[in-house]
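Visitor: Contents of final.tsv (TSV, C-alpha atoms) are given next:
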chain	number	residue	atom	x	y	z
K	1	MET	CA	118.92	82.59	118.02
K	2	ALA	CA	120.14	85.12	115.44
K	3	ALA	CA	117.52	87.19	113.69
K	4	ALA	CA	116.80	86.18	110.10
K	5	SER	CA	118.66	88.36	107.62
K	6	ARG	CA	116.67	90.65	105.38
K	7	THR	CA	117.22	91.04	101.67
K	8	PRO	CA	119.00	94.34	101.09
K	9	ALA	CA	116.97	97.21	99.73
K	10	ILE	CA	117.31	97.99	96.02
K	11	GLU	CA	117.25	101.29	94.16
K	12	LEU	CA	115.02	101.64	91.10
K	13	ASP	CA	115.50	104.38	88.52
K	14	VAL	CA	111.98	105.24	87.40
K	15	ASP	CA	112.23	107.75	84.57
K	16	GLY	CA	114.96	109.64	86.38
K	17	TYR	CA	113.48	109.41	89.88
K	18	ASP	CA	115.21	107.18	92.43
K	19	VAL	CA	112.82	104.93	94.34
K	20	ARG	CA	114.18	102.77	97.15
K	21	LEU	CA	112.44	99.40	97.50
K	22	THR	CA	112.91	97.69	100.85
K	23	ASN	CA	112.23	93.98	101.46
K	24	PRO	CA	112.01	93.29	97.72
K	25	ASP	CA	111.81	89.50	98.26
K	26	ARG	CA	108.87	89.61	100.67
K	27	VAL	CA	106.14	87.38	99.23
K	28	TYR	CA	102.99	89.39	98.55
K	29	PHE	CA	100.91	86.86	96.57
K	30	SER	CA	100.88	83.38	98.02
K	31	GLU	CA	99.34	81.41	95.13
K	32	ARG	CA	102.41	81.68	92.89
K	33	GLY	CA	104.83	83.38	95.26
K	34	GLU	CA	105.22	86.79	93.61
K	35	THR	CA	107.12	89.29	95.70
K	36	LYS	CA	107.14	92.99	96.37
K	37	ARG	CA	109.75	93.33	93.60
K	38	ASP	CA	107.45	91.42	91.24
K	39	LEU	CA	104.65	93.86	92.10
K	40	ALA	CA	106.88	96.83	91.31
K	41	ASP	CA	107.98	95.17	88.03
K	42	TYR	CA	104.33	94.63	87.11
K	43	TYR	CA	103.47	98.31	87.54
K	44	LEU	CA	106.60	99.27	85.59
K	45	ALA	CA	105.44	97.00	82.75
K	46	VAL	CA	101.99	98.63	82.53
K	47	GLY	CA	103.25	102.10	83.40
K	48	ASP	CA	101.49	104.12	80.70
K	49	GLY	CA	98.19	102.45	81.53
K	50	ILE	CA	98.24	102.81	85.31
K	51	VAL	CA	99.41	106.44	85.12
K	52	ARG	CA	96.66	107.27	82.63
K	53	ALA	CA	94.07	105.70	84.94
K	54	LEU	CA	95.31	107.65	87.98
K	55	ARG	CA	96.62	110.91	86.56
K	56	ASP	CA	95.63	113.97	88.63
K	57	ARG	CA	93.01	112.02	90.62
K	58	PRO	CA	92.79	111.88	94.40
K	59	CYS	CA	93.75	108.30	95.18
K	60	MET	CA	93.02	106.04	98.13
K	61	LEU	CA	95.68	103.40	98.75
K	62	HIS	CA	94.98	99.83	99.84
K	63	ARG	CA	98.20	98.79	101.57
K	64	PHE	CA	99.25	95.29	102.65
K	65	PRO	CA	102.42	95.65	104.75
K	66	LYS	CA	102.84	91.86	105.15
K	67	GLY	CA	101.44	90.80	101.78
K	68	VAL	CA	97.84	90.22	100.72
K	69	ASP	CA	97.26	87.40	103.21
K	70	GLY	CA	97.89	89.88	106.02
K	71	GLU	CA	96.17	92.98	107.29
K	72	LYS	CA	94.86	95.53	104.79
K	73	VAL	CA	95.22	99.25	105.52
K	74	HIS	CA	92.86	101.70	103.78
K	75	GLN	CA	94.78	104.95	103.54
K	76	LYS	CA	93.33	108.26	102.39
K	77	ARG	CA	96.15	110.51	103.57
K	78	LEU	CA	99.54	110.29	101.94
K	79	PRO	CA	101.78	108.01	104.01
K	80	ALA	CA	104.57	109.73	105.91
K	81	GLY	CA	108.02	109.92	104.40
K	82	ALA	CA	107.06	110.77	100.85
K	83	PRO	CA	109.81	112.33	98.74
K	84	PRO	CA	109.27	115.97	97.74
K	85	TRP	CA	108.39	115.07	94.17
K	86	VAL	CA	105.25	113.13	95.16
K	87	GLU	CA	102.19	115.37	94.72
K	88	THR	CA	98.92	115.49	96.64
K	89	VAL	CA	95.45	116.99	96.34
K	90	ARG	CA	93.60	118.30	99.40
K	91	LEU	CA	90.05	117.09	99.93
K	92	HIS	CA	87.55	118.39	102.47
K	93	PHE	CA	84.99	116.27	104.31
K	94	PRO	CA	82.42	118.72	105.71
K	95	ARG	CA	80.44	116.03	107.53
K	96	TYR	CA	83.43	115.36	109.77
K	97	GLY	CA	85.09	118.78	109.64
K	98	LEU	CA	88.26	117.13	108.35
K	99	HIS	CA	90.52	117.25	105.34
K	100	ALA	CA	92.94	114.80	103.76
K	101	ASP	CA	95.91	115.27	101.47
K	102	GLU	CA	95.64	112.28	99.14
K	103	LEU	CA	98.16	110.94	96.67
K	104	CYS	CA	97.80	112.55	93.25
K	105	VAL	CA	99.72	110.54	90.67
K	106	THR	CA	101.37	112.51	87.88
K	107	LYS	CA	104.13	110.06	86.90
K	108	LEU	CA	105.13	106.42	87.17
K	109	ALA	CA	107.60	107.06	89.99
K	110	ASP	CA	104.65	108.02	92.22
K	111	VAL	CA	103.12	104.59	91.63
K	112	ILE	CA	106.35	102.74	92.40
K	113	TRP	CA	106.89	104.80	95.56
K	114	ALA	CA	103.38	103.77	96.65
K	115	VAL	CA	104.38	100.14	96.06
K	116	GLN	CA	107.37	100.75	98.34
K	117	MET	CA	104.79	101.81	100.93
K	118	SER	CA	103.14	98.36	100.46
K	119	THR	CA	100.33	99.60	98.21
K	120	VAL	CA	98.77	96.84	96.11
K	121	GLU	CA	95.48	98.46	95.04
K	122	PHE	CA	94.95	102.00	93.72
K	123	HIS	CA	91.44	103.42	94.13
K	124	PRO	CA	91.13	106.85	92.46
K	125	TRP	CA	88.25	109.30	92.62
K	126	ASN	CA	86.23	109.87	89.45
K	127	SER	CA	87.27	113.54	89.45
K	128	ARG	CA	90.56	115.36	89.00
K	129	ARG	CA	92.29	118.42	90.29
K	130	PRO	CA	91.95	121.36	90.04
K	131	GLU	CA	88.17	120.64	90.24
K	132	PRO	CA	87.83	117.56	92.45
K	133	GLU	CA	84.15	118.33	93.13
K	134	LEU	CA	83.27	117.91	89.43
K	135	PRO	CA	83.52	114.31	88.18
K	136	ASP	CA	84.86	113.71	84.69
K	137	GLU	CA	84.27	109.95	84.76
K	138	TRP	CA	80.97	108.09	84.97
K	139	ARG	CA	81.46	104.57	86.27
K	140	ILE	CA	79.13	101.67	85.49
K	141	ASP	CA	79.74	98.94	88.05
K	142	LEU	CA	78.28	95.54	87.14
K	143	ASP	CA	78.34	93.93	90.58
K	144	PRO	CA	77.21	90.29	90.81
K	145	MET	CA	75.50	88.88	93.87
K	146	PRO	CA	77.03	85.65	95.27
K	147	GLN	CA	75.16	83.23	92.98
K	148	CYS	CA	75.19	85.42	89.88
K	149	SER	CA	77.06	83.79	87.00
K	150	PHE	CA	79.68	85.55	84.91
K	151	SER	CA	77.53	84.86	81.85
K	152	THR	CA	74.98	87.25	83.38
K	153	VAL	CA	77.74	89.83	83.86
K	154	ARG	CA	78.60	89.44	80.17
K	155	ARG	CA	74.97	89.95	79.10
K	156	ALA	CA	74.66	93.05	81.28
K	157	ALA	CA	77.87	94.40	79.75
K	158	HIS	CA	76.50	93.93	76.24
K	159	VAL	CA	73.22	95.63	77.12
K	160	SER	CA	75.16	98.50	78.71
K	161	HIS	CA	77.14	98.80	75.48
K	162	GLU	CA	73.90	98.83	73.50
K	163	VAL	CA	72.41	101.64	75.59
K	164	LEU	CA	75.65	103.63	75.45
K	165	ASP	CA	75.69	103.34	71.66
K	166	GLU	CA	72.12	104.64	71.53
K	167	LEU	CA	73.16	107.61	73.67
K	168	GLY	CA	76.23	108.30	71.53
K	169	ALA	CA	78.56	107.60	74.46
K	170	VAL	CA	81.81	105.64	74.29
K	171	GLY	CA	82.22	103.02	77.01
K	172	TRP	CA	85.57	101.59	78.08
K	173	PRO	CA	85.13	98.14	79.67
K	174	LYS	CA	87.40	96.35	82.09
K	175	THR	CA	87.23	93.43	84.45
K	176	SER	CA	86.93	94.40	88.09
K	177	GLY	CA	89.67	92.04	89.17
K	178	GLY	CA	86.96	90.14	91.01
K	179	ARG	CA	83.71	88.64	89.70
K	180	GLY	CA	82.28	91.73	88.02
K	181	MET	CA	82.96	94.19	85.26
K	182	HIS	CA	83.23	97.96	85.05
K	183	VAL	CA	82.53	100.30	82.15
K	184	TYR	CA	83.97	103.82	82.32
K	185	VAL	CA	82.67	106.78	80.33
K	186	ARG	CA	84.52	110.06	80.13
K	187	ILE	CA	82.07	112.94	80.71
K	188	SER	CA	82.16	116.71	80.55
K	189	GLN	CA	83.46	118.06	83.85
K	190	GLU	CA	80.55	120.34	84.65
K	191	HIS	CA	78.22	118.55	87.10
K	192	GLY	CA	78.60	117.69	90.78
K	193	PHE	CA	78.57	114.20	92.26
K	194	LYS	CA	74.86	114.19	93.07
K	195	VAL	CA	73.92	115.00	89.47
K	196	VAL	CA	76.28	112.37	88.05
K	197	ARG	CA	75.01	109.76	90.51
K	198	ARG	CA	71.42	110.59	89.54
K	199	ALA	CA	72.30	110.20	85.85
K	200	ALA	CA	74.03	106.89	86.59
K	201	LEU	CA	70.90	105.61	88.33
K	202	ALA	CA	68.76	106.53	85.30
K	203	PHE	CA	71.12	104.54	83.08
K	204	ALA	CA	71.09	101.59	85.48
K	205	ARG	CA	67.29	101.55	85.44
K	206	GLU	CA	67.33	101.36	81.64
K	207	VAL	CA	69.66	98.35	81.74
K	208	GLU	CA	67.31	96.81	84.33
K	209	ARG	CA	64.31	97.36	82.02
K	210	ARG	CA	66.06	95.45	79.24
K	211	LEU	CA	67.18	92.56	81.46
K	212	PRO	CA	64.45	92.52	84.12
K	213	ASP	CA	65.01	88.90	85.19
K	214	GLU	CA	68.74	89.30	85.74
K	215	VAL	CA	69.57	92.93	86.55
K	216	THR	CA	68.45	94.97	89.54
K	217	THR	CA	68.81	98.47	90.91
K	218	THR	CA	67.25	97.45	94.24
K	219	TRP	CA	68.98	99.52	96.88
K	220	TRP	CA	69.21	97.22	99.89
K	221	ARG	CA	71.35	94.12	99.46
K	222	LYS	CA	68.97	92.05	101.61
K	223	ASP	CA	66.20	92.72	99.08
K	224	ARG	CA	68.13	91.40	96.08
K	225	ALA	CA	68.02	87.81	94.85
K	226	PRO	CA	71.33	85.92	95.23
K	227	THR	CA	71.43	85.46	91.43
K	228	ASP	CA	70.95	89.18	90.66
K	229	LEU	CA	73.38	91.48	88.92
K	230	PHE	CA	73.34	94.86	90.68
K	231	VAL	CA	74.22	97.93	88.63
K	232	ASP	CA	75.89	99.89	91.40
K	233	TYR	CA	75.24	103.52	90.47
K	234	ASN	CA	76.32	104.60	93.97
K	235	GLN	CA	79.93	104.18	92.89
K	236	ASN	CA	79.47	107.67	91.42
K	237	ALA	CA	78.81	109.24	94.82
K	238	ARG	CA	81.41	111.53	96.37
K	239	ASP	CA	84.32	109.74	98.04
K	240	HIS	CA	83.36	106.37	96.55
K	241	THR	CA	86.25	104.76	94.74
K	242	MET	CA	86.91	101.69	92.63
K	243	ALA	CA	90.06	99.85	91.64
K	244	ALA	CA	91.67	101.62	88.70
K	245	ALA	CA	92.34	100.07	85.33
K	246	TYR	CA	95.52	97.99	85.71
K	247	SER	CA	95.27	98.00	89.51
K	248	VAL	CA	96.26	94.71	91.08
K	249	ARG	CA	93.72	93.35	93.55
K	250	GLY	CA	94.55	92.18	97.05
K	251	ASN	CA	94.10	88.45	96.63
K	252	ALA	CA	96.49	85.52	96.62
K	253	ARG	CA	96.26	85.10	92.84
K	254	GLY	CA	97.21	88.72	92.13
K	255	THR	CA	94.34	89.37	89.74
K	256	VAL	CA	94.22	92.64	87.83
K	257	SER	CA	91.42	95.01	86.84
K	258	ALA	CA	92.09	94.57	83.14
K	259	PRO	CA	90.87	96.72	80.25
K	260	VAL	CA	89.27	94.59	77.54
K	261	ALA	CA	87.86	95.23	74.08
K	262	TRP	CA	84.12	94.91	73.58
K	263	ASP	CA	84.64	91.97	71.23
K	264	GLU	CA	86.49	90.12	74.02
K	265	VAL	CA	83.65	90.28	76.53
K	266	ASP	CA	82.16	86.89	75.59
K	267	ASP	CA	85.49	85.14	76.02
K	268	VAL	CA	87.13	86.80	79.02
K	269	GLU	CA	87.57	84.94	82.29
K	270	PRO	CA	88.48	87.30	85.14
K	271	ASP	CA	91.09	84.97	86.63
K	272	ASP	CA	93.04	85.04	83.35
K	273	PHE	CA	94.30	88.55	84.10
K	274	THR	CA	97.03	88.55	86.76
K	275	ILE	CA	100.35	90.21	87.46
K	276	ALA	CA	101.90	87.16	85.76
K	277	THR	CA	99.92	87.48	82.50
K	278	MET	CA	99.21	91.20	82.07
K	279	PRO	CA	102.73	92.43	81.18
K	280	GLU	CA	102.80	90.32	78.00
K	281	ARG	CA	99.26	91.40	77.11
K	282	PHE	CA	100.12	95.06	77.66
K	283	ALA	CA	103.31	94.75	75.58
K	284	ARG	CA	101.26	93.20	72.77
K	285	LEU	CA	98.11	95.36	72.86
K	286	GLY	CA	99.14	98.55	74.62
K	287	ASP	CA	96.63	100.44	76.76
K	288	LEU	CA	93.11	99.62	75.54
K	289	HIS	CA	91.87	102.73	77.38
K	290	ALA	CA	94.35	105.03	75.66
K	291	GLY	CA	91.65	107.05	73.88
K	292	ILE	CA	89.36	107.62	76.86
K	293	ASP	CA	90.23	111.30	77.33
K	294	GLU	CA	89.25	112.04	73.72
K	295	ALA	CA	85.66	110.81	74.05
K	296	ALA	CA	83.84	113.07	76.54
K	297	PHE	CA	80.05	112.63	76.74
K	298	ASP	CA	77.46	115.21	77.77
K	299	ILE	CA	75.15	113.51	80.32
K	300	ALA	CA	72.18	115.81	79.52
K	301	PRO	CA	70.11	112.91	78.05
K	302	LEU	CA	70.58	110.92	81.25
K	303	ILE	CA	69.48	113.88	83.34
K	304	GLU	CA	66.32	113.97	81.23
K	305	TRP	CA	65.82	110.25	81.89
K	306	ALA	CA	66.23	110.91	85.61
K	307	ASP	CA	63.61	113.68	85.46
K	308	ARG	CA	61.25	111.32	83.65
K	309	ASP	CA	61.75	108.60	86.25
K	310	GLU	CA	61.08	111.10	89.02
K	311	ARG	CA	57.83	112.19	87.35
K	312	ASP	CA	56.88	108.52	87.16
K	313	GLY	CA	57.29	108.24	90.93
K	314	GLN	CA	60.66	106.48	91.07
K	315	THR	CA	62.61	107.78	94.03
K	316	GLU	CA	66.36	108.07	94.42
K	317	PRO	CA	67.94	106.57	97.57
K	318	ASP	CA	70.19	108.79	99.63
K	319	ASP	CA	73.95	108.49	99.14
K	320	GLN	CA	75.46	105.80	101.32
Could you render the structure from this file as structure tokens?
Guide:
Amino acid sequence: MAAASRTPAIELDVDGYDVRLTNPDRVYFSERGETKRDLADYYLAVGDGIVRALRDRPCMLHRFPKGVDGEKVHQKRLPAGAPPWVETVRLHFPRYGLHADELCVTKLADVIWAVQMSTVEFHPWNSRRPEPELPDEWRIDLDPMPQCSFSTVRRAAHVSHEVLDELGAVGWPKTSGGRGMHVYVRISQEHGFKVVRRAALAFAREVERRLPDEVTTTWWRKDRAPTDLFVDYNQNARDHTMAAAYSVRGNARGTVSAPVAWDEVDDVEPDDFTIATMPERFARLGDLHAGIDEAAFDIAPLIEWADRDERDGQTEPDDQ
């Protein structure tokens, strides 16, 4: 029997860089049948947004060589065969005595090349070169347990917004692409990961105080109620990454981690944001996180809250 013919590769001109896309008709998302070419077209459509979310950050790639119903490959190191114009940042992992040269996006062509390498999800660090050990992004991860409703996620988002306003910090919300929400805060790049994680825990405890029946900071998953909303401060630990704004998620529906406005929080449904719907939204609204780099916050008040909690006998779990 003759082997099935493959669709010829295509060449994409991405702002003057040639990116070759092989197997463009391979189905990546089984619910509606979007292909590898559709995935590339999606990232081209939201180009300004995804590049802003990734720019100069070490980036882990979640690759699906056979589409999202197949095996997922978590890749720290840059895949082999990268063109010379793709940049990296070197990270050291003292615990293992190893290093990794991770993708460091500086332009849209880097993103589309990663798609050629079967990347669906982009998971950047919350720090940037040339100082990757100093985070410039504090991430508030509203992570629902299995029986937690999205209405609880919405309430926790509003309380987080309330506390941020009281602190004088600007929060930039987005859906997670799953069942939760994220809020990002640009911060001064002057503290290490342990300090930022400690500050994030202090904030999470304040949200828990204001919604004690719904929100938890309980460390061990087995000790949380199935209806709890966990504020996952540990996402600010070193080498912990989350799906970037505009990143597609590796599910059959092709959901997207979508920036939203605060006044949309009560109406958003996470499944509404997909590679099929986001291009029109982006063309209409632009990047809702466009101003994030202009709103840096000094986390000193949160460090004071952390000191207070420590004096009150509240311990901080070790990084996991």
Visitor: With a distance cut-off of 12 Å and only C-alpha atoms, select the neighbouring residues of K:Phe297, excluding the residue or stretch itself and same-chain residues fewer than 2 positions from it, and output the selection as a JSON list (two decimals) with C-alpha atoms, in the coordinates of the input.
Guide:
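Output (part-v9.json):
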[["chain", "number", "residue", "atom", "x", "y", "z"],
["K", 136, "ASP", "CA", 84.86, 113.71, 84.69],
["K", 137, "GLU", "CA", 84.27, 109.95, 84.76],
["K", 138, "TRP", "CA", 80.97, 108.09, 84.97],
["K", 164, "LEU", "CA", 75.65, 103.63, 75.45],
["K", 165, "ASP", "CA", 75.69, 103.34, 71.66],
["K", 167, "LEU", "CA", 73.16, 107.61, 73.67],
["K", 168, "GLY", "CA", 76.23, 108.30, 71.53],
["K", 169, "ALA", "CA", 78.56, 107.60, 74.46],
["K", 170, "VAL", "CA", 81.81, 105.64, 74.29],
["K", 171, "GLY", "CA", 82.22, 103.02, 77.01],
["K", 184, "TYR", "CA", 83.97, 103.82, 82.32],
["K", 185, "VAL", "CA", 82.67, 106.78, 80.33],
["K", 186, "ARG", "CA", 84.52, 110.06, 80.13],
["K", 187, "ILE", "CA", 82.07, 112.94, 80.71],
["K", 188, "SER", "CA", 82.16, 116.71, 80.55],
["K", 189, "GLN", "CA", 83.46, 118.06, 83.85],
["K", 190, "GLU", "CA", 80.55, 120.34, 84.65],
["K", 196, "VAL", "CA", 76.28, 112.37, 88.05],
["K", 292, "ILE", "CA", 89.36, 107.62, 76.86],
["K", 293, "ASP", "CA", 90.23, 111.30, 77.33],
["K", 294, "GLU", "CA", 89.25, 112.04, 73.72],
["K", 295, "ALA", "CA", 85.66, 110.81, 74.05],
["K", 299, "ILE", "CA", 75.15, 113.51, 80.32],
["K", 300, "ALA", "CA", 72.18, 115.81, 79.52],
["K", 301, "PRO", "CA", 70.11, 112.91, 78.05],
["K", 302, "LEU", "CA", 70.58, 110.92, 81.25]]
Visitor: When distances are computed from only C-alpha atoms, which of K:Arg90, K:Arg209, K:His123, K:Arg95 shows the smallest separation from K:His74?
Guide: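 With only C-alpha atoms as the atom set, the closest residue is K:His123.
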Visitor: One decimal, in Å: what's the spacing between atom CA of K:Val51 and atom CA of K:Thr35?
Guide: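 Pair atom CA of K:Val51 / atom CA of K:Thr35 returns 21.6 Å.
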Visitor: To one decimal place in Å, what is the distance between atom CA of K:Ala9 and atom CA of K:Thr22?
Guide: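 A separation of 4.2 Å between them.
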Visitor: What gap, in Å, lies between atom CA of K:Arg308 and atom CA of K:Ala296?
Guide: 23.7 Å
Visitor: Stretch 161-180 of chain K near stretch 253-273 of chain K within 12 Å: what's each residue's closest atom pair and its distance in Å to one decimal, counting all atoms listed in the file, ordered by chain then ascending residue number, as JSON lines?
Guide:
{"residue": "K:His161", "atom": "CA", "partner": "K:Trp262", "partner_atom": "CA", "distance": 8.2}
{"residue": "K:Glu162", "atom": "CA", "partner": "K:Trp262", "partner_atom": "CA", "distance": 10.9}
{"residue": "K:Val170", "atom": "CA", "partner": "K:Trp262", "partner_atom": "CA", "distance": 11.0}
{"residue": "K:Gly171", "atom": "CA", "partner": "K:Trp262", "partner_atom": "CA", "distance": 9.0}
{"residue": "K:Trp172", "atom": "CA", "partner": "K:Pro259", "partner_atom": "CA", "distance": 7.5}
{"residue": "K:Pro173", "atom": "CA", "partner": "K:Val260", "partner_atom": "CA", "distance": 5.9}
{"residue": "K:Lys174", "atom": "CA", "partner": "K:Pro259", "partner_atom": "CA", "distance": 3.9}
{"residue": "K:Thr175", "atom": "CA", "partner": "K:Ser257", "partner_atom": "CA", "distance": 5.1}
{"residue": "K:Ser176", "atom": "CA", "partner": "K:Ser257", "partner_atom": "CA", "distance": 4.7}
{"residue": "K:Gly177", "atom": "CA", "partner": "K:Ser257", "partner_atom": "CA", "distance": 4.2}
{"residue": "K:Gly178", "atom": "CA", "partner": "K:Pro270", "partner_atom": "CA", "distance": 6.7}
{"residue": "K:Arg179", "atom": "CA", "partner": "K:Pro270", "partner_atom": "CA", "distance": 6.7}
{"residue": "K:Gly180", "atom": "CA", "partner": "K:Pro270", "partner_atom": "CA", "distance": 8.1}
Visitor: For K:Ala202, which of K:Val73, K:Ile303, K:Leu21, K:Ile140 is the closest residue, counting only C-alpha atoms?
Guide: K:Ile303
Visitor: Kindly indicate which residue among K:Glu133, K:Asp309, K:Asp56, K:Asp228 lies nearest to K:Leu211, using all atoms listed in the file for the distances.
Guide: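 So, comparing all the options, the nearest one is K:Asp228.
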Visitor: Just give me the residues with any atom within 6 Å of (71.1, 82.4, 91.0), file coordinates, counting all atoms listed in the file, written as a CSV table (one decimal) with C-alpha atoms, in the frame of the given file.
Guide:
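Output saved as selection_7.csv:
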chain,number,residue,atom,x,y,z
K,147,GLN,CA,75.2,83.2,93.0
K,148,CYS,CA,75.2,85.4,89.9
K,226,PRO,CA,71.3,85.9,95.2
K,227,THR,CA,71.4,85.5,91.4
Visitor: In the coordinate frame of the file, compute which residues have an atom within 10 Å of (112.9, 95.3, 102.3) when using only C-alpha atoms, and state them as a ChimeraX atom specification.
Guide: /K:6-10,20-26,36-37,116
Visitor: Between K:His99, K:Asp143, K:Leu288, K:Pro79, single out the one closest to K:Ala114, counting all atoms listed in the file.
Guide: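 Among the listed residues, the smallest separation from K:Ala114 belongs to K:Pro79.
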Visitor: Just checking: using all atoms listed in the file, which residue out of K:Leu98, K:Val46, K:Cys104, K:Ala82 ends up closest to K:Pro130?
Guide: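 Smallest distance to K:Pro130 is found for K:Cys104.
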Visitor: For each of K:Asp318, K:Asp141, K:Glu310, K:Asp69, take the minimum atom-to-atom distance to K:Ala243, counting only C-alpha atoms, then give the residue where this is smallest.
Guide: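 Using only C-alpha atoms, the shortest distance to K:Ala243 belongs to K:Asp141.
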Visitor: Using only C-alpha atoms, which residues sit within 12 Å of stretch 38-44 of chain K once same-chain residues fewer than 6 positions away are excluded, as a PDB file with C-alpha atoms, keeping the file's coordinate frame?
Guide:
ATOM      1  CA  ILE K  10     117.310  97.990  96.020  1.00  0.00           C
ATOM      2  CA  GLU K  11     117.250 101.290  94.160  1.00  0.00           C
ATOM      3  CA  LEU K  12     115.020 101.640  91.100  1.00  0.00           C
ATOM      4  CA  ASP K  13     115.500 104.380  88.520  1.00  0.00           C
ATOM      5  CA  VAL K  14     111.980 105.240  87.400  1.00  0.00           C
ATOM      6  CA  ASP K  15     112.230 107.750  84.570  1.00  0.00           C
ATOM      7  CA  VAL K  19     112.820 104.930  94.340  1.00  0.00           C
ATOM      8  CA  ARG K  20     114.180 102.770  97.150  1.00  0.00           C
ATOM      9  CA  LEU K  21     112.440  99.400  97.500  1.00  0.00           C
ATOM     10  CA  THR K  22     112.910  97.690 100.850  1.00  0.00           C
ATOM     11  CA  ASN K  23     112.230  93.980 101.460  1.00  0.00           C
ATOM     12  CA  PRO K  24     112.010  93.290  97.720  1.00  0.00           C
ATOM     13  CA  ASP K  25     111.810  89.500  98.260  1.00  0.00           C
ATOM     14  CA  ARG K  26     108.870  89.610 100.670  1.00  0.00           C
ATOM     15  CA  VAL K  27     106.140  87.380  99.230  1.00  0.00           C
ATOM     16  CA  TYR K  28     102.990  89.390  98.550  1.00  0.00           C
ATOM     17  CA  PHE K  29     100.910  86.860  96.570  1.00  0.00           C
ATOM     18  CA  ARG K  32     102.410  81.680  92.890  1.00  0.00           C
ATOM     19  CA  ILE K  50      98.240 102.810  85.310  1.00  0.00           C
ATOM     20  CA  VAL K  51      99.410 106.440  85.120  1.00  0.00           C
ATOM     21  CA  PHE K  64      99.250  95.290 102.650  1.00  0.00           C
ATOM     22  CA  GLY K  67     101.440  90.800 101.780  1.00  0.00           C
ATOM     23  CA  VAL K  68      97.840  90.220 100.720  1.00  0.00           C
ATOM     24  CA  LYS K 107     104.130 110.060  86.900  1.00  0.00           C
ATOM     25  CA  LEU K 108     105.130 106.420  87.170  1.00  0.00           C
ATOM     26  CA  ALA K 109     107.600 107.060  89.990  1.00  0.00           C
ATOM     27  CA  ASP K 110     104.650 108.020  92.220  1.00  0.00           C
ATOM     28  CA  VAL K 111     103.120 104.590  91.630  1.00  0.00           C
ATOM     29  CA  ILE K 112     106.350 102.740  92.400  1.00  0.00           C
ATOM     30  CA  TRP K 113     106.890 104.800  95.560  1.00  0.00           C
ATOM     31  CA  ALA K 114     103.380 103.770  96.650  1.00  0.00           C
ATOM     32  CA  VAL K 115     104.380 100.140  96.060  1.00  0.00           C
ATOM     33  CA  GLN K 116     107.370 100.750  98.340  1.00  0.00           C
ATOM     34  CA  MET K 117     104.790 101.810 100.930  1.00  0.00           C
ATOM     35  CA  SER K 118     103.140  98.360 100.460  1.00  0.00           C
ATOM     36  CA  THR K 119     100.330  99.600  98.210  1.00  0.00           C
ATOM     37  CA  VAL K 120      98.770  96.840  96.110  1.00  0.00           C
ATOM     38  CA  GLU K 121      95.480  98.460  95.040  1.00  0.00           C
ATOM     39  CA  PHE K 122      94.950 102.000  93.720  1.00  0.00           C
ATOM     40  CA  ALA K 245      92.340 100.070  85.330  1.00  0.00           C
ATOM     41  CA  TYR K 246      95.520  97.990  85.710  1.00  0.00           C
ATOM     42  CA  SER K 247      95.270  98.000  89.510  1.00  0.00           C
ATOM     43  CA  VAL K 248      96.260  94.710  91.080  1.00  0.00           C
ATOM     44  CA  ARG K 249      93.720  93.350  93.550  1.00  0.00           C
ATOM     45  CA  GLY K 250      94.550  92.180  97.050  1.00  0.00           C
ATOM     46  CA  GLY K 254      97.210  88.720  92.130  1.00  0.00           C
ATOM     47  CA  THR K 255      94.340  89.370  89.740  1.00  0.00           C
ATOM     48  CA  VAL K 256      94.220  92.640  87.830  1.00  0.00           C
ATOM     49  CA  THR K 274      97.030  88.550  86.760  1.00  0.00           C
ATOM     50  CA  ILE K 275     100.350  90.210  87.460  1.00  0.00           C
ATOM     51  CA  ALA K 276     101.900  87.160  85.760  1.00  0.00           C
ATOM     52  CA  THR K 277      99.920  87.480  82.500  1.00  0.00           C
ATOM     53  CA  MET K 278      99.210  91.200  82.070  1.00  0.00           C
ATOM     54  CA  PRO K 279     102.730  92.430  81.180  1.00  0.00           C
ATOM     55  CA  GLU K 280     102.800  90.320  78.000  1.00  0.00           C
ATOM     56  CA  ARG K 281      99.260  91.400  77.110  1.00  0.00           C
ATOM     57  CA  PHE K 282     100.120  95.060  77.660  1.00  0.00           C
ATOM     58  CA  ALA K 283     103.310  94.750  75.580  1.00  0.00           C
TER      59      ALA K 283
END
Visitor: Can we get stretch 293-306 of chain K of that structure written down with C-alpha atoms, as a PDB file, in the first residue's frame?
Guide:
ATOM      1  CA  ASP K 293       5.031  47.766  31.557  1.00  0.00           C
ATOM      2  CA  GLU K 294       4.073  51.326  32.542  1.00  0.00           C
ATOM      3  CA  ALA K 295       2.584  50.384  35.917  1.00  0.00           C
ATOM      4  CA  ALA K 296       5.378  48.973  38.108  1.00  0.00           C
ATOM      5  CA  PHE K 297       4.531  48.464  41.797  1.00  0.00           C
ATOM      6  CA  ASP K 298       6.905  48.490  44.766  1.00  0.00           C
ATOM      7  CA  ILE K 299       6.090  45.385  46.860  1.00  0.00           C
ATOM      8  CA  ALA K 300       7.404  46.935  50.116  1.00  0.00           C
ATOM      9  CA  PRO K 301       3.891  47.015  51.706  1.00  0.00           C
ATOM     10  CA  LEU K 302       3.484  43.295  51.023  1.00  0.00           C
ATOM     11  CA  ILE K 303       6.848  42.568  52.597  1.00  0.00           C
ATOM     12  CA  GLU K 304       5.611  44.413  55.685  1.00  0.00           C
ATOM     13  CA  TRP K 305       2.461  42.266  55.655  1.00  0.00           C
ATOM     14  CA  ALA K 306       4.645  39.155  55.440  1.00  0.00           C
TER      15      ALA K 306
END
